[in-house]
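Report on the structure given below.
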Amino acid sequence: MVTHHGKPMYTKEDNNTVPDYRLNELNKRLQQRSEESDNLWWDAFATEFFEDDATLTLTFCLEDGPKRYTFGRTLMPRYFRSIFEGGVTELYYSLKHPKESFHNTSITLDCDQCTMVTHHGKPMYTKEDNNTVVMTEQE
């Protein structure tokens, strides 16, 4: 399970952007990635979609029990890059029944039925769907 907290997927200039639109933009940008994408590309990607105070939480179960890891904006380029370096050829997020709520100065997108879809090319082609939860907030 992947959970986004803080103010991810928005830049200060995007005050009027609908949250799920930004997720679609993130998906498009990941599709534009090339095999030669270097650290600068990944840093620009993270800067475009995640505020400095954003966090990403990974929760999953291993043989010795559930694990939960949370990291900040500075490690996000490395996280996304490592997914592709591990053999993933395509990554995108698909939201089902997202809920938006409007508060005084912020918009919140909450979706407990999000799927993180990855395509792997080696050793053979496989598609993997991971159930995720997405919570974003834009001020």
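In the structure tokens, chains take the letters A, B, ... in the order shown, each chain's residues start at 1, and ligands count up from 1 in the order shown.
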Using only C-alpha atoms, which residues sit within 10 Å of stretch 32-40 of chain A once same-chain residues fewer than 3 positions away are excluded, as a PDB file with N, CA and C atoms, in the first residue's frame?
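See result.pdb below for the written result:
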ATOM      1  N   LEU A  26       0.852  13.506 -13.541  1.00  0.00           N
ATOM      2  CA  LEU A  26       1.961  12.702 -13.027  1.00  0.00           C
ATOM      3  C   LEU A  26       2.105  11.432 -13.864  1.00  0.00           C
ATOM      4  N   ASN A  27       0.985  10.775 -14.153  1.00  0.00           N
ATOM      5  CA  ASN A  27       1.015   9.567 -14.988  1.00  0.00           C
ATOM      6  C   ASN A  27       1.598   9.872 -16.365  1.00  0.00           C
ATOM      7  N   LYS A  28       1.176  10.985 -16.969  1.00  0.00           N
ATOM      8  CA  LYS A  28       1.694  11.360 -18.297  1.00  0.00           C
ATOM      9  C   LYS A  28       3.196  11.590 -18.255  1.00  0.00           C
ATOM     10  N   ARG A  29       3.647  12.291 -17.204  1.00  0.00           N
ATOM     11  CA  ARG A  29       5.078  12.585 -17.107  1.00  0.00           C
ATOM     12  C   ARG A  29       5.883  11.289 -16.963  1.00  0.00           C
ATOM     13  N   ASP A  43      14.704  14.487 -10.285  1.00  0.00           N
ATOM     14  CA  ASP A  43      14.534  15.586  -9.328  1.00  0.00           C
ATOM     15  C   ASP A  43      13.519  16.599  -9.850  1.00  0.00           C
ATOM     16  N   ALA A  44      13.576  16.902 -11.144  1.00  0.00           N
ATOM     17  CA  ALA A  44      12.598  17.818 -11.734  1.00  0.00           C
ATOM     18  C   ALA A  44      11.188  17.223 -11.649  1.00  0.00           C
ATOM     19  N   PHE A  45      11.073  15.931 -11.872  1.00  0.00           N
ATOM     20  CA  PHE A  45       9.780  15.253 -11.759  1.00  0.00           C
ATOM     21  C   PHE A  45       9.214  15.412 -10.344  1.00  0.00           C
ATOM     22  N   ALA A  46      10.020  15.107  -9.341  1.00  0.00           N
ATOM     23  CA  ALA A  46       9.552  15.210  -7.950  1.00  0.00           C
ATOM     24  C   ALA A  46       9.234  16.653  -7.575  1.00  0.00           C
ATOM     25  N   PRO A  77      12.689  11.356  -5.631  1.00  0.00           N
ATOM     26  CA  PRO A  77      13.297  11.027  -6.934  1.00  0.00           C
ATOM     27  C   PRO A  77      13.963   9.651  -6.921  1.00  0.00           C
ATOM     28  N   ARG A  78      14.653   9.343  -5.851  1.00  0.00           N
ATOM     29  CA  ARG A  78      15.325   8.046  -5.724  1.00  0.00           C
ATOM     30  C   ARG A  78      14.315   6.899  -5.674  1.00  0.00           C
ATOM     31  N   ARG A  81      12.818   6.478  -9.254  1.00  0.00           N
ATOM     32  CA  ARG A  81      13.856   5.976 -10.162  1.00  0.00           C
ATOM     33  C   ARG A  81      14.153   4.510  -9.874  1.00  0.00           C
ATOM     34  N   PHE A  84      11.909   1.922 -11.600  1.00  0.00           N
ATOM     35  CA  PHE A  84      12.234   1.639 -12.997  1.00  0.00           C
ATOM     36  C   PHE A  84      13.566   0.907 -13.129  1.00  0.00           C
ATOM     37  N   GLU A  85      14.528   1.205 -12.269  1.00  0.00           N
ATOM     38  CA  GLU A  85      15.801   0.493 -12.318  1.00  0.00           C
ATOM     39  C   GLU A  85      15.626  -0.970 -11.920  1.00  0.00           C
ATOM     40  N   THR A  89       8.819  -1.195 -16.569  1.00  0.00           N
ATOM     41  CA  THR A  89       8.862  -0.439 -17.822  1.00  0.00           C
ATOM     42  C   THR A  89       7.758   0.603 -17.897  1.00  0.00           C
ATOM     43  N   GLU A  90       6.736   0.454 -17.067  1.00  0.00           N
ATOM     44  CA  GLU A  90       5.620   1.402 -17.060  1.00  0.00           C
ATOM     45  C   GLU A  90       5.023   1.434 -15.658  1.00  0.00           C
TER      46      GLU A  90
END
Write out as a PDB file with N, CA, C and O atoms, in the first residue's frame which residues come within 12 Å of A:Leu95 when counting only C-alpha atoms, dropping same-chain ones fewer than 6 positions away.
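Output (around28.pdb):
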ATOM      1  N   PRO A  19      -7.401  18.012  -8.021  1.00  0.00           N
ATOM      2  CA  PRO A  19      -6.396  17.039  -7.590  1.00  0.00           C
ATOM      3  C   PRO A  19      -6.227  15.834  -8.508  1.00  0.00           C
ATOM      4  O   PRO A  19      -5.099  15.446  -8.793  1.00  0.00           O
ATOM      5  N   ASP A  20      -7.310  15.199  -8.985  1.00  0.00           N
ATOM      6  CA  ASP A  20      -7.111  14.011  -9.819  1.00  0.00           C
ATOM      7  C   ASP A  20      -6.522  14.373 -11.183  1.00  0.00           C
ATOM      8  O   ASP A  20      -5.887  13.546 -11.824  1.00  0.00           O
ATOM      9  N   TYR A  21      -6.677  15.615 -11.620  1.00  0.00           N
ATOM     10  CA  TYR A  21      -6.033  16.077 -12.847  1.00  0.00           C
ATOM     11  C   TYR A  21      -4.517  16.032 -12.678  1.00  0.00           C
ATOM     12  O   TYR A  21      -3.791  15.614 -13.575  1.00  0.00           O
ATOM     13  N   ARG A  22      -4.029  16.453 -11.500  1.00  0.00           N
ATOM     14  CA  ARG A  22      -2.591  16.435 -11.241  1.00  0.00           C
ATOM     15  C   ARG A  22      -2.049  14.999 -11.237  1.00  0.00           C
ATOM     16  O   ARG A  22      -0.948  14.748 -11.688  1.00  0.00           O
ATOM     17  N   LEU A  23      -2.845  14.068 -10.743  1.00  0.00           N
ATOM     18  CA  LEU A  23      -2.422  12.670 -10.770  1.00  0.00           C
ATOM     19  C   LEU A  23      -2.322  12.178 -12.212  1.00  0.00           C
ATOM     20  O   LEU A  23      -1.392  11.462 -12.572  1.00  0.00           O
ATOM     21  N   ASN A  24      -3.256  12.600 -13.056  1.00  0.00           N
ATOM     22  CA  ASN A  24      -3.183  12.254 -14.477  1.00  0.00           C
ATOM     23  C   ASN A  24      -1.943  12.864 -15.117  1.00  0.00           C
ATOM     24  O   ASN A  24      -1.298  12.233 -15.957  1.00  0.00           O
ATOM     25  N   ASN A  27       0.985  10.775 -14.153  1.00  0.00           N
ATOM     26  CA  ASN A  27       1.015   9.567 -14.988  1.00  0.00           C
ATOM     27  C   ASN A  27       1.598   9.872 -16.365  1.00  0.00           C
ATOM     28  O   ASN A  27       2.422   9.112 -16.887  1.00  0.00           O
ATOM     29  N   LEU A 109      -8.047  15.389  -1.682  1.00  0.00           N
ATOM     30  CA  LEU A 109      -8.445  14.236  -2.486  1.00  0.00           C
ATOM     31  C   LEU A 109      -8.123  12.999  -1.664  1.00  0.00           C
ATOM     32  O   LEU A 109      -6.996  12.823  -1.211  1.00  0.00           O
ATOM     33  N   ASP A 110      -9.125  12.174  -1.441  1.00  0.00           N
ATOM     34  CA  ASP A 110      -8.963  10.951  -0.665  1.00  0.00           C
ATOM     35  C   ASP A 110      -9.498   9.807  -1.509  1.00  0.00           C
ATOM     36  O   ASP A 110     -10.609   9.874  -2.025  1.00  0.00           O
ATOM     37  N   CYS A 111      -8.688   8.773  -1.684  1.00  0.00           N
ATOM     38  CA  CYS A 111      -9.119   7.636  -2.486  1.00  0.00           C
ATOM     39  C   CYS A 111      -8.544   6.368  -1.879  1.00  0.00           C
ATOM     40  O   CYS A 111      -7.329   6.167  -1.883  1.00  0.00           O
ATOM     41  N   ASP A 112      -9.424   5.531  -1.336  1.00  0.00           N
ATOM     42  CA  ASP A 112      -8.941   4.285  -0.758  1.00  0.00           C
ATOM     43  C   ASP A 112      -9.034   3.127  -1.749  1.00  0.00           C
ATOM     44  O   ASP A 112      -8.778   1.979  -1.395  1.00  0.00           O
ATOM     45  N   GLN A 113      -9.382   3.434  -3.004  1.00  0.00           N
ATOM     46  CA  GLN A 113      -9.416   2.424  -4.063  1.00  0.00           C
ATOM     47  C   GLN A 113      -8.559   2.886  -5.229  1.00  0.00           C
ATOM     48  O   GLN A 113      -9.031   3.101  -6.333  1.00  0.00           O
ATOM     49  N   CYS A 114      -7.305   3.048  -4.948  1.00  0.00           N
ATOM     50  CA  CYS A 114      -6.344   3.434  -5.973  1.00  0.00           C
ATOM     51  C   CYS A 114      -5.505   2.209  -6.301  1.00  0.00           C
ATOM     52  O   CYS A 114      -5.199   1.397  -5.429  1.00  0.00           O
ATOM     53  N   THR A 115      -5.149   2.074  -7.558  1.00  0.00           N
ATOM     54  CA  THR A 115      -4.299   0.974  -7.986  1.00  0.00           C
ATOM     55  C   THR A 115      -3.017   1.544  -8.573  1.00  0.00           C
ATOM     56  O   THR A 115      -3.062   2.413  -9.438  1.00  0.00           O
ATOM     57  N   MET A 116      -1.900   1.063  -8.061  1.00  0.00           N
ATOM     58  CA  MET A 116      -0.601   1.397  -8.643  1.00  0.00           C
ATOM     59  C   MET A 116      -0.276   0.253  -9.597  1.00  0.00           C
ATOM     60  O   MET A 116      -0.085  -0.887  -9.172  1.00  0.00           O
ATOM     61  N   VAL A 117      -0.262   0.546 -10.888  1.00  0.00           N
ATOM     62  CA  VAL A 117      -0.063  -0.472 -11.916  1.00  0.00           C
ATOM     63  C   VAL A 117       1.374  -0.377 -12.424  1.00  0.00           C
ATOM     64  O   VAL A 117       1.839   0.702 -12.780  1.00  0.00           O
ATOM     65  N   ASN A 130      -1.174  -3.106  -7.594  1.00  0.00           N
ATOM     66  CA  ASN A 130      -1.039  -2.990  -6.148  1.00  0.00           C
ATOM     67  C   ASN A 130      -2.133  -2.078  -5.622  1.00  0.00           C
ATOM     68  O   ASN A 130      -2.294  -0.955  -6.113  1.00  0.00           O
ATOM     69  N   ASN A 131      -2.877  -2.540  -4.644  1.00  0.00           N
ATOM     70  CA  ASN A 131      -3.888  -1.688  -4.019  1.00  0.00           C
ATOM     71  C   ASN A 131      -3.189  -0.623  -3.199  1.00  0.00           C
ATOM     72  O   ASN A 131      -2.282  -0.913  -2.426  1.00  0.00           O
ATOM     73  N   THR A 132      -3.627   0.607  -3.379  1.00  0.00           N
ATOM     74  CA  THR A 132      -3.011   1.725  -2.684  1.00  0.00           C
ATOM     75  C   THR A 132      -4.080   2.657  -2.144  1.00  0.00           C
ATOM     76  O   THR A 132      -5.245   2.572  -2.522  1.00  0.00           O
ATOM     77  N   VAL A 133      -3.655   3.544  -1.282  1.00  0.00           N
ATOM     78  CA  VAL A 133      -4.510   4.592  -0.754  1.00  0.00           C
ATOM     79  C   VAL A 133      -3.816   5.908  -1.051  1.00  0.00           C
ATOM     80  O   VAL A 133      -2.617   6.043  -0.839  1.00  0.00           O
ATOM     81  N   VAL A 134      -4.552   6.873  -1.576  1.00  0.00           N
ATOM     82  CA  VAL A 134      -3.977   8.184  -1.883  1.00  0.00           C
ATOM     83  C   VAL A 134      -4.747   9.236  -1.103  1.00  0.00           C
ATOM     84  O   VAL A 134      -5.970   9.264  -1.113  1.00  0.00           O
ATOM     85  N   MET A 135      -4.003  10.088  -0.407  1.00  0.00           N
ATOM     86  CA  MET A 135      -4.594  11.245   0.263  1.00  0.00           C
ATOM     87  C   MET A 135      -3.687  12.422  -0.052  1.00  0.00           C
ATOM     88  O   MET A 135      -2.500  12.401   0.247  1.00  0.00           O
TER      89      MET A 135
END
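The coordinates place atom CA of A:Leu62 at 28.2 Å from atom CA of A:Phe50.
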Any chance you could list, as a ChimeraX atom specification, the residues in stretch 65-139 of chain A that come up strand (DSSP E or B) when DSSP is run on the backbone?
-> /A:65-72,88-95,99-102,107-120,126-138
Output file for the residues above (N, CA and C atoms, as a CSV table (one decimal), in the first residue's frame):
chain,number,residue,atom,x,y,z
A,65,GLY,N,6.1,-9.7,9.5
A,65,GLY,CA,5.0,-8.8,9.9
A,65,GLY,C,4.9,-7.6,9.1
A,66,PRO,N,3.9,-6.7,9.4
A,66,PRO,CA,3.7,-5.5,8.7
A,66,PRO,C,4.9,-4.5,8.8
A,67,LYS,N,5.2,-3.8,7.8
A,67,LYS,CA,6.3,-2.8,7.8
A,67,LYS,C,5.7,-1.5,7.3
A,68,ARG,N,6.2,-0.4,7.8
A,68,ARG,CA,5.7,0.9,7.4
A,68,ARG,C,6.9,1.9,7.3
A,69,TYR,N,7.1,2.5,6.2
A,69,TYR,CA,8.2,3.4,6.0
A,69,TYR,C,7.7,4.7,5.4
A,70,THR,N,8.1,5.8,6.0
A,70,THR,CA,7.7,7.1,5.5
A,70,THR,C,8.9,7.9,5.2
A,71,PHE,N,8.9,8.5,4.0
A,71,PHE,CA,10.1,9.4,3.7
A,71,PHE,C,9.6,10.7,3.1
A,72,GLY,N,10.4,11.7,3.1
A,72,GLY,CA,10.1,13.0,2.6
A,72,GLY,C,10.4,13.2,1.1
A,88,VAL,N,10.8,-2.3,-13.9
A,88,VAL,CA,9.5,-1.8,-14.3
A,88,VAL,C,9.7,-1.0,-15.6
A,89,THR,N,8.8,-1.2,-16.6
A,89,THR,CA,8.9,-0.4,-17.8
A,89,THR,C,7.8,0.6,-17.9
A,90,GLU,N,6.7,0.5,-17.1
A,90,GLU,CA,5.6,1.4,-17.1
A,90,GLU,C,5.0,1.4,-15.7
A,91,LEU,N,4.7,2.6,-15.2
A,91,LEU,CA,4.0,2.8,-13.9
A,91,LEU,C,3.0,3.9,-14.0
A,92,TYR,N,1.8,3.6,-13.5
A,92,TYR,CA,0.7,4.6,-13.4
A,92,TYR,C,-0.2,4.3,-12.3
A,93,TYR,N,-0.9,5.3,-11.9
A,93,TYR,CA,-1.9,5.2,-10.8
A,93,TYR,C,-3.3,5.4,-11.4
A,94,SER,N,-4.2,4.5,-10.9
A,94,SER,CA,-5.6,4.6,-11.4
A,94,SER,C,-6.5,4.8,-10.2
A,95,LEU,N,-7.3,5.8,-10.2
A,95,LEU,CA,-8.2,6.1,-9.1
A,95,LEU,C,-9.6,5.6,-9.3
A,99,LYS,N,-12.7,10.9,-3.6
A,99,LYS,CA,-13.5,11.8,-2.9
A,99,LYS,C,-12.8,13.1,-2.7
A,100,GLU,N,-13.4,14.2,-3.2
A,100,GLU,CA,-12.8,15.5,-3.0
A,100,GLU,C,-13.6,16.3,-2.0
A,101,SER,N,-12.9,17.0,-1.1
A,101,SER,CA,-13.6,17.8,-0.2
A,101,SER,C,-12.9,19.2,-0.2
A,102,PHE,N,-13.7,20.2,0.0
A,102,PHE,CA,-13.2,21.6,-0.1
A,102,PHE,C,-13.3,22.2,1.3
A,107,ILE,N,-8.0,22.0,-0.8
A,107,ILE,CA,-8.8,20.9,-1.4
A,107,ILE,C,-8.1,19.6,-1.0
A,108,THR,N,-8.9,18.6,-0.6
A,108,THR,CA,-8.4,17.3,-0.3
A,108,THR,C,-8.9,16.3,-1.2
A,109,LEU,N,-8.0,15.4,-1.7
A,109,LEU,CA,-8.4,14.2,-2.5
A,109,LEU,C,-8.1,13.0,-1.7
A,110,ASP,N,-9.1,12.2,-1.4
A,110,ASP,CA,-9.0,11.0,-0.7
A,110,ASP,C,-9.5,9.8,-1.5
A,111,CYS,N,-8.7,8.8,-1.7
A,111,CYS,CA,-9.1,7.6,-2.5
A,111,CYS,C,-8.5,6.4,-1.9
A,112,ASP,N,-9.4,5.5,-1.3
A,112,ASP,CA,-8.9,4.3,-0.8
A,112,ASP,C,-9.0,3.1,-1.7
A,113,GLN,N,-9.4,3.4,-3.0
A,113,GLN,CA,-9.4,2.4,-4.1
A,113,GLN,C,-8.6,2.9,-5.2
A,114,CYS,N,-7.3,3.0,-4.9
A,114,CYS,CA,-6.3,3.4,-6.0
A,114,CYS,C,-5.5,2.2,-6.3
A,115,THR,N,-5.1,2.1,-7.6
A,115,THR,CA,-4.3,1.0,-8.0
A,115,THR,C,-3.0,1.5,-8.6
A,116,MET,N,-1.9,1.1,-8.1
A,116,MET,CA,-0.6,1.4,-8.6
A,116,MET,C,-0.3,0.3,-9.6
A,117,VAL,N,-0.3,0.5,-10.9
A,117,VAL,CA,-0.1,-0.5,-11.9
A,117,VAL,C,1.4,-0.4,-12.4
A,118,THR,N,2.1,-1.5,-12.4
A,118,THR,CA,3.4,-1.6,-13.0
A,118,THR,C,3.5,-2.7,-14.0
A,119,HIS,N,4.2,-2.4,-15.1
A,119,HIS,CA,4.5,-3.4,-16.1
A,119,HIS,C,6.0,-3.7,-16.0
A,120,HIS,N,6.3,-5.0,-16.1
A,120,HIS,CA,7.7,-5.4,-16.0
A,120,HIS,C,8.0,-6.1,-17.3
A,126,THR,N,5.2,-9.0,-17.4
A,126,THR,CA,4.1,-9.2,-16.4
A,126,THR,C,3.5,-7.8,-16.1
A,127,LYS,N,2.3,-7.8,-15.6
A,127,LYS,CA,1.6,-6.6,-15.1
A,127,LYS,C,1.2,-6.9,-13.7
A,128,GLU,N,1.5,-5.9,-12.8
A,128,GLU,CA,1.2,-6.1,-11.4
A,128,GLU,C,0.4,-4.9,-11.0
A,129,ASP,N,-0.7,-5.2,-10.3
A,129,ASP,CA,-1.6,-4.2,-9.7
A,129,ASP,C,-1.5,-4.3,-8.2
A,130,ASN,N,-1.2,-3.1,-7.6
A,130,ASN,CA,-1.0,-3.0,-6.1
A,130,ASN,C,-2.1,-2.1,-5.6
A,131,ASN,N,-2.9,-2.5,-4.6
A,131,ASN,CA,-3.9,-1.7,-4.0
A,131,ASN,C,-3.2,-0.6,-3.2
A,132,THR,N,-3.6,0.6,-3.4
A,132,THR,CA,-3.0,1.7,-2.7
A,132,THR,C,-4.1,2.7,-2.1
A,133,VAL,N,-3.7,3.5,-1.3
A,133,VAL,CA,-4.5,4.6,-0.8
A,133,VAL,C,-3.8,5.9,-1.1
A,134,VAL,N,-4.6,6.9,-1.6
A,134,VAL,CA,-4.0,8.2,-1.9
A,134,VAL,C,-4.7,9.2,-1.1
A,135,MET,N,-4.0,10.1,-0.4
A,135,MET,CA,-4.6,11.2,0.3
A,135,MET,C,-3.7,12.4,-0.1
A,136,THR,N,-4.2,13.4,-0.8
A,136,THR,CA,-3.5,14.6,-1.1
A,136,THR,C,-4.2,15.8,-0.6
A,137,GLU,N,-3.5,16.9,-0.3
A,137,GLU,CA,-4.1,18.1,0.1
A,137,GLU,C,-3.4,19.3,-0.6
A,138,GLN,N,-4.2,20.2,-1.1
A,138,GLN,CA,-3.7,21.3,-1.8
A,138,GLN,C,-4.2,22.6,-1.0
